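Colleague: See upload05.txt below, with compact mmCIF, C-alpha atoms.
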```txt
# COMPACT_ATOMS: atom_id res chain seq x y z
CA MET R 1 -62.12 111.57 22.50
CA ALA R 2 -61.34 109.35 19.52
CA GLY R 3 -57.99 111.09 19.01
CA ILE R 4 -56.62 110.27 22.47
CA GLN R 5 -55.17 106.96 23.55
CA ALA R 6 -55.10 106.68 27.33
CA VAL R 7 -52.05 104.93 28.77
CA ILE R 8 -51.98 103.77 32.38
CA LEU R 9 -48.44 103.18 33.61
CA ALA R 10 -48.51 100.20 35.96
CA SER R 11 -45.23 98.33 35.61
CA GLY R 12 -43.34 99.67 38.63
CA PHE R 13 -41.94 97.50 41.42
CA SER R 14 -43.44 99.30 44.48
CA ARG R 15 -40.00 99.17 46.12
CA ARG R 16 -40.67 101.93 48.64
CA LEU R 17 -43.90 100.32 49.77
CA GLY R 18 -42.51 96.79 49.90
CA VAL R 19 -45.67 95.18 48.48
CA ASP R 20 -47.46 95.46 45.15
CA LYS R 21 -49.37 98.71 45.67
CA LEU R 22 -51.57 98.30 42.63
CA SER R 23 -53.20 95.17 44.04
CA ARG R 24 -53.94 96.77 47.41
CA VAL R 25 -57.68 97.14 48.06
CA LEU R 26 -59.14 100.59 48.66
CA CYS R 27 -62.89 101.09 49.11
CA GLY R 28 -63.53 97.55 47.90
CA LYS R 29 -61.43 97.80 44.72
CA THR R 30 -57.76 97.44 43.93
CA VAL R 31 -55.77 100.60 43.34
CA LEU R 32 -55.27 99.76 39.66
CA GLN R 33 -58.95 98.86 39.21
CA ARG R 34 -59.98 102.27 40.52
CA VAL R 35 -57.61 104.07 38.15
CA VAL R 36 -58.72 102.06 35.11
CA GLU R 37 -62.41 102.45 35.91
CA ASN R 38 -62.00 106.22 36.26
CA ALA R 39 -60.47 106.27 32.78
CA LEU R 40 -63.21 104.01 31.39
CA GLY R 41 -65.81 106.40 32.74
CA THR R 42 -64.65 109.09 30.32
CA GLY R 43 -65.80 107.12 27.30
CA MET R 44 -62.35 106.95 25.72
CA GLY R 45 -62.15 104.59 22.79
CA ARG R 46 -58.97 102.83 23.85
CA ILE R 47 -57.10 102.44 27.12
CA VAL R 48 -53.72 100.76 27.27
CA VAL R 49 -52.48 99.38 30.59
CA VAL R 50 -48.73 98.77 30.80
CA ILE R 51 -47.92 96.06 33.35
CA ARG R 52 -44.78 94.22 34.39
CA GLU R 53 -45.84 90.59 34.59
CA ARG R 54 -48.72 88.48 33.36
CA GLY R 55 -50.11 87.84 36.83
CA GLN R 56 -51.01 91.53 37.12
CA ALA R 57 -53.50 91.15 34.27
CA ALA R 58 -55.91 89.59 36.75
CA ILE R 59 -56.46 92.97 38.46
CA VAL R 60 -57.13 94.85 35.22
CA PRO R 61 -60.89 95.28 34.61
CA LYS R 62 -62.24 93.40 31.62
CA ASP R 63 -63.48 95.71 28.89
CA LYS R 64 -63.25 95.62 25.10
CA ARG R 65 -61.66 99.08 25.14
CA ILE R 66 -58.71 97.90 27.24
CA SER R 67 -55.46 96.53 25.84
CA ILE R 68 -52.62 95.20 27.97
CA ILE R 69 -48.93 95.69 27.18
CA PHE R 70 -46.24 93.75 29.04
CA ASN R 71 -43.18 95.88 29.71
CA GLU R 72 -40.27 93.47 29.37
CA ASN R 73 -37.81 96.22 30.36
CA ALA R 74 -39.50 97.31 33.58
CA ASP R 75 -36.14 97.27 35.39
CA ALA R 76 -35.19 100.30 33.30
CA GLY R 77 -37.71 102.50 35.12
CA MET R 78 -40.80 104.52 34.26
CA SER R 79 -39.35 105.67 30.94
CA SER R 80 -39.48 102.07 29.72
CA SER R 81 -43.26 101.95 30.27
CA ILE R 82 -43.72 105.15 28.29
CA LYS R 83 -41.60 103.79 25.45
CA ALA R 84 -43.41 100.44 25.43
CA ALA R 85 -46.76 102.21 25.05
CA ILE R 86 -45.57 104.53 22.28
CA LEU R 87 -43.84 101.83 20.25
CA LYS R 88 -47.02 99.75 20.23
CA ALA R 89 -49.43 102.66 19.80
CA ASP R 90 -52.28 102.52 17.35
CA PRO R 91 -51.56 105.06 14.55
CA GLU R 92 -55.25 106.02 14.64
CA PHE R 93 -54.61 108.13 17.73
CA ASP R 94 -52.84 111.47 17.52
CA SER R 95 -52.15 112.01 21.21
CA PHE R 96 -51.44 110.12 24.43
CA LEU R 97 -52.96 110.63 27.86
CA PHE R 98 -50.49 109.22 30.37
CA MET R 99 -51.77 108.35 33.84
CA ASN R 100 -49.92 106.71 36.71
CA GLY R 101 -51.50 103.52 38.00
CA ASP R 102 -51.12 104.63 41.62
CA MET R 103 -53.45 107.67 41.59
CA PRO R 104 -56.74 105.99 42.64
CA PHE R 105 -58.66 109.17 43.45
CA PHE R 106 -58.10 111.19 40.28
CA SER R 107 -61.68 111.43 39.08
CA THR R 108 -63.37 110.80 35.77
CA GLY R 109 -64.62 114.39 35.88
CA SER R 110 -61.11 115.80 36.16
CA ILE R 111 -59.88 113.59 33.33
CA ASN R 112 -62.70 114.98 31.18
CA LYS R 113 -61.75 118.55 32.11
CA LEU R 114 -58.13 117.87 31.16
CA VAL R 115 -59.24 116.47 27.80
CA GLU R 116 -61.42 119.53 27.14
CA LEU R 117 -58.49 121.80 28.01
CA TRP R 118 -56.31 119.96 25.50
CA LYS R 119 -59.00 120.06 22.80
CA GLY R 120 -58.85 123.85 23.02
CA ASN R 121 -55.05 123.70 22.68
CA PRO R 122 -54.40 120.59 20.54
CA GLU R 123 -50.83 121.54 19.62
CA LYS R 124 -49.74 121.83 23.24
CA MET R 125 -49.17 119.46 26.13
CA ALA R 126 -51.91 119.51 28.76
CA CYS R 127 -51.30 118.50 32.36
CA ILE R 128 -52.61 119.14 35.83
CA ARG R 129 -51.18 121.60 38.31
CA HIS R 130 -51.36 121.30 42.09
CA ALA R 131 -49.82 123.72 44.58
CA GLY R 132 -47.94 125.35 41.72
CA VAL R 133 -46.35 122.10 40.51
CA LEU R 134 -46.96 120.66 37.04
CA ARG R 135 -47.63 116.94 37.12
CA GLY R 136 -49.55 114.08 35.53
CA PRO R 137 -51.93 113.00 34.22
CA VAL R 138 -50.64 114.66 31.07
CA ILE R 139 -51.67 114.67 27.40
CA PHE R 140 -48.88 114.65 24.81
CA PRO R 141 -49.66 115.24 21.15
CA ARG R 142 -47.88 112.72 18.94
CA LYS R 143 -45.39 115.39 17.79
CA TYR R 144 -43.66 114.99 21.17
CA THR R 145 -42.97 111.30 20.54
CA ASP R 146 -39.23 111.78 20.02
CA LEU R 147 -38.91 113.59 23.35
CA LEU R 148 -40.81 110.84 25.13
CA LEU R 149 -38.65 108.16 23.52
CA SER R 150 -35.51 110.01 24.65
CA LEU R 151 -36.40 109.63 28.35
CA GLU R 152 -34.20 107.36 30.44
CA GLY R 153 -34.49 105.62 33.82
CA GLU R 154 -37.19 106.88 36.16
CA SER R 155 -37.69 110.07 34.15
CA GLY R 156 -41.31 110.63 33.32
CA GLY R 157 -43.26 113.18 31.36
CA ARG R 158 -42.86 115.88 34.01
CA GLU R 159 -39.25 116.39 32.92
CA ILE R 160 -40.49 117.37 29.46
CA LEU R 161 -43.18 119.65 30.92
CA VAL R 162 -40.62 121.60 32.92
CA LYS R 163 -38.17 121.98 30.01
CA HIS R 164 -40.90 123.09 27.58
CA ARG R 165 -43.11 125.13 29.92
CA LYS R 166 -44.24 127.55 27.18
CA GLU R 167 -45.76 124.63 25.30
CA VAL R 168 -47.89 123.53 28.27
CA VAL R 169 -51.41 124.34 29.39
CA SER R 170 -52.49 123.16 32.81
CA LEU R 171 -55.60 122.36 34.79
CA GLU R 172 -55.55 123.47 38.43
CA ILE R 173 -56.55 120.74 40.90
CA GLU R 174 -57.02 122.15 44.38
CA ASP R 175 -58.03 119.00 46.28
CA PRO R 176 -54.85 117.29 47.58
CA ASP R 177 -56.75 114.02 48.04
CA GLU R 178 -57.52 113.83 44.32
CA VAL R 179 -53.86 113.98 43.33
CA ALA R 180 -52.67 111.64 46.08
CA ASP R 181 -50.47 108.81 44.85
CA ILE R 182 -49.13 105.78 46.68
CA ASP R 183 -45.39 105.35 47.03
CA SER R 184 -44.78 104.72 50.73
CA PRO R 185 -46.52 103.06 53.70
CA GLN R 186 -47.53 106.54 54.83
CA ASP R 187 -49.14 107.20 51.45
CA LEU R 188 -51.09 103.95 51.70
CA GLU R 189 -52.29 104.85 55.18
CA HIS R 190 -53.41 108.25 53.88
CA ALA R 191 -55.23 106.59 50.97
CA MET R 192 -57.13 104.37 53.39
CA GLU R 193 -58.14 107.47 55.36
CA ILE R 194 -59.43 109.06 52.16
CA CYS R 195 -61.47 105.93 51.50
CA SER R 196 -62.98 106.08 54.95
CA ARG R 197 -64.03 109.70 54.38
CA LEU R 198 -65.53 108.82 50.98
CA GLU R 199 -67.49 105.94 52.44
CA GLU R 200 -68.80 108.16 55.26
CA SER R 201 -69.89 110.86 52.81
CA GLU R 202 -71.84 108.29 50.76
CA LYS R 203 -73.90 107.06 53.71
```
Translate the structure described by the file into structure tokens.
Modeller:
Amino acid sequence: MAGIQAVILASGFSRRLGVDKLSRVLCGKTVLQRVVENALGTGMGRIVVVIRERGQAAIVPKDKRISIIFNENADAGMSSSIKAAILKADPEFDSFLFMNGDMPFFSTGSINKLVELWKGNPEKMACIRHAGVLRGPVIFPRKYTDLLLSLEGESGGREILVKHRKEVVSLEIEDPDEVADIDSPQDLEHAMEICSRLEESEK
């Protein structure tokens, strides 16, 4: 996985939830900690976490493979996080794996499967698909840098996936819990229910 730089987008304002969702505790860990640890479990050589303010660094796991980028233009939306990561990217890496910081249940195993799918199609974008919808996490080869830098506002990588569908390969994820993200109070409540089920299954 030396050719892939993982980027975890974590500089949003959690406006719909009303509190910082990434610092909420699920199954004994913060949301962001769970996401980062799932990425670390893949053995990737470098993981970049894009955050909004320095205080958030405290909830990022400590590991020599992790770098933190402060997005000084977070008000400009998700596109600003993507741009911040690309503009400070290590030239050693020829592709980017973008993951949202609010998907705490997307597993290490599924990340590995997505990487293997991309390795078989290194010139294409690789994303996940759930219920017929293309979505992140998504791997972009570096040749798509200009398209990523052209994004504005809250536009994310999915916009590019839809416009360039023939250049995309996708990994089907059937479990709705695995692709659950946290945007609203209802989403947080659902995430806590998922945690309860996970804890019960581990007993």
Colleague: Please report the interatomic distance between atom CA of Lys124 of chain R and atom CA of Glu174 of chain R in Å with one decimal.
Modeller: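 Answer for the atom CA of Lys124 of chain R to atom CA of Glu174 of chain R separation: 22.4 Å.
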Colleague: Quick check, in Å to one decimal: how far apart do atom CA of Gly12 of chain R and atom CA of Lys64 of chain R lie?
Modeller: 24.4 Å
Colleague: Go through R:Arg52, R:Lys88, R:Arg34, R:Lys29 one by one, measure the shortest atom-to-atom distance of each to Phe13 of chain R using only C-alpha atoms, and give the residue with the smallest value.
Modeller: R:Arg52
Colleague: May I ask for the distance between atom CA of Val162 of chain R and atom CA of Val138 of chain R, given in Å to one decimal place?
Modeller: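 For atom CA of Val162 of chain R relative to atom CA of Val138 of chain R, the distance reads 12.3 Å.
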Colleague: Find, counting all atoms listed in the file, the residue in R:Ala85, R:Asp102, R:Cys195, R:Asp146 that gets nearest to Leu22 of chain R.
Modeller: R:Asp102
Colleague: In terms of the shortest atom-to-atom distance over only C-alpha atoms, which of R:Met125, R:Val168, R:Val115, R:Ile59 is closest to Asp20 of chain R?
Modeller: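 When distances to Asp20 of chain R are compared using only C-alpha atoms, the smallest one comes from R:Ile59.
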Colleague: Using all atoms listed in the file, tabulate the residues of segment 33-109 of chain R lying at most 10 Å from any atom of segment 183-191 of chain R, each with its closest atom pair and that distance in Å to one decimal, by chain and increasing residue number, as a Markdown table.
Modeller:
```
| residue | atom | partner | partner_atom | distance |
| --- | --- | --- | --- | --- |
| R:Asp102 | CA | R:Asp183 | CA | 7.9 |
| R:Met103 | CA | R:Ala191 | CA | 9.6 |
| R:Pro104 | CA | R:Ala191 | CA | 8.5 |
| R:Phe105 | CA | R:Ala191 | CA | 8.7 |
```
Colleague: So which residues touch segment 73-76 of chain R within 9 Å, counting all atoms listed in the file, skipping near sequence neighbours fewer than 2 positions away, as a PyMOL selection string?
Modeller: chain R and resi 11-13+51-52+70-71+78-81+84+152-154
Colleague: Check the smallest atom-to-atom distance from each of R:Thr42, R:Ser155, R:Ser95, R:Ser201 to Lys119 of chain R using all atoms listed in the file, then report the winner.
Modeller: R:Ser95
Colleague: Which centre and edge lengths in Å to one decimal define the box along x, y and z that fits every listed atom of segment 136-139 of chain R plus 3 Å per side, as JSON?
Modeller:
```
{"center_x": -50.7, "center_y": 113.8, "center_z": 31.5, "size_x": 8.4, "size_y": 7.7, "size_z": 14.1}
```
Colleague: May I ask which of the residues R:Gly136, R:Asp63, R:Ala10, R:Thr145 is the closest one to Glu159 of chain R, counting all atoms listed in the file?
Modeller: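 Of R:Gly136, R:Asp63, R:Ala10, R:Thr145, the one nearest Glu159 of chain R, counting all atoms listed in the file, is R:Gly136.
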Colleague: Would you mind putting N, CA and C atoms back on segment 135-156 of chain R and writing the result as a compact mmCIF listing (two decimals), keeping the file's coordinate frame?
Modeller:
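Once written, part-v7.txt looks like this:
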```
# COMPACT_ATOMS: atom_id res chain seq x y z
N ARG R 135 -47.75 118.37 36.91
CA ARG R 135 -47.63 116.94 37.12
C ARG R 135 -48.66 116.20 36.27
N GLY R 136 -48.59 114.89 36.27
CA GLY R 136 -49.55 114.08 35.53
C GLY R 136 -50.81 113.87 36.32
N PRO R 137 -51.86 113.42 35.63
CA PRO R 137 -51.93 113.00 34.22
C PRO R 137 -51.57 114.11 33.25
N VAL R 138 -51.05 113.69 32.08
CA VAL R 138 -50.64 114.66 31.07
C VAL R 138 -50.96 114.13 29.67
N ILE R 139 -51.39 115.02 28.79
CA ILE R 139 -51.67 114.67 27.40
C ILE R 139 -50.53 115.19 26.52
N PHE R 140 -49.94 114.29 25.75
CA PHE R 140 -48.88 114.65 24.81
C PHE R 140 -49.37 114.42 23.38
N PRO R 141 -49.42 115.47 22.56
CA PRO R 141 -49.66 115.24 21.15
C PRO R 141 -48.54 114.36 20.57
N ARG R 142 -48.84 113.66 19.51
CA ARG R 142 -47.88 112.72 18.94
C ARG R 142 -46.58 113.40 18.50
N LYS R 143 -46.60 114.71 18.23
CA LYS R 143 -45.39 115.39 17.79
C LYS R 143 -44.29 115.38 18.85
N TYR R 144 -44.65 115.05 20.09
CA TYR R 144 -43.66 114.99 21.17
C TYR R 144 -43.10 113.57 21.36
N THR R 145 -43.40 112.69 20.42
CA THR R 145 -42.97 111.30 20.54
C THR R 145 -41.47 111.16 20.72
N ASP R 146 -40.69 111.90 19.93
CA ASP R 146 -39.23 111.78 20.02
C ASP R 146 -38.72 112.17 21.41
N LEU R 147 -39.31 113.19 22.00
CA LEU R 147 -38.91 113.59 23.35
C LEU R 147 -39.24 112.50 24.36
N LEU R 148 -40.41 111.91 24.21
CA LEU R 148 -40.81 110.84 25.13
C LEU R 148 -39.89 109.63 24.98
N LEU R 149 -39.53 109.31 23.75
CA LEU R 149 -38.65 108.16 23.52
C LEU R 149 -37.22 108.42 23.97
N SER R 150 -36.87 109.68 24.20
CA SER R 150 -35.51 110.01 24.65
C SER R 150 -35.35 109.92 26.17
N LEU R 151 -36.46 109.72 26.89
CA LEU R 151 -36.40 109.63 28.35
C LEU R 151 -35.63 108.39 28.76
N GLU R 152 -34.97 108.49 29.91
CA GLU R 152 -34.20 107.36 30.44
C GLU R 152 -34.52 107.16 31.92
N GLY R 153 -34.34 105.93 32.40
CA GLY R 153 -34.49 105.62 33.82
C GLY R 153 -35.87 105.94 34.35
N GLU R 154 -35.91 106.56 35.53
CA GLU R 154 -37.19 106.88 36.16
C GLU R 154 -37.78 108.19 35.67
N SER R 155 -37.15 108.81 34.68
CA SER R 155 -37.69 110.07 34.15
C SER R 155 -39.06 109.84 33.54
N GLY R 156 -39.98 110.71 33.88
CA GLY R 156 -41.31 110.63 33.32
C GLY R 156 -41.61 111.88 32.52
```
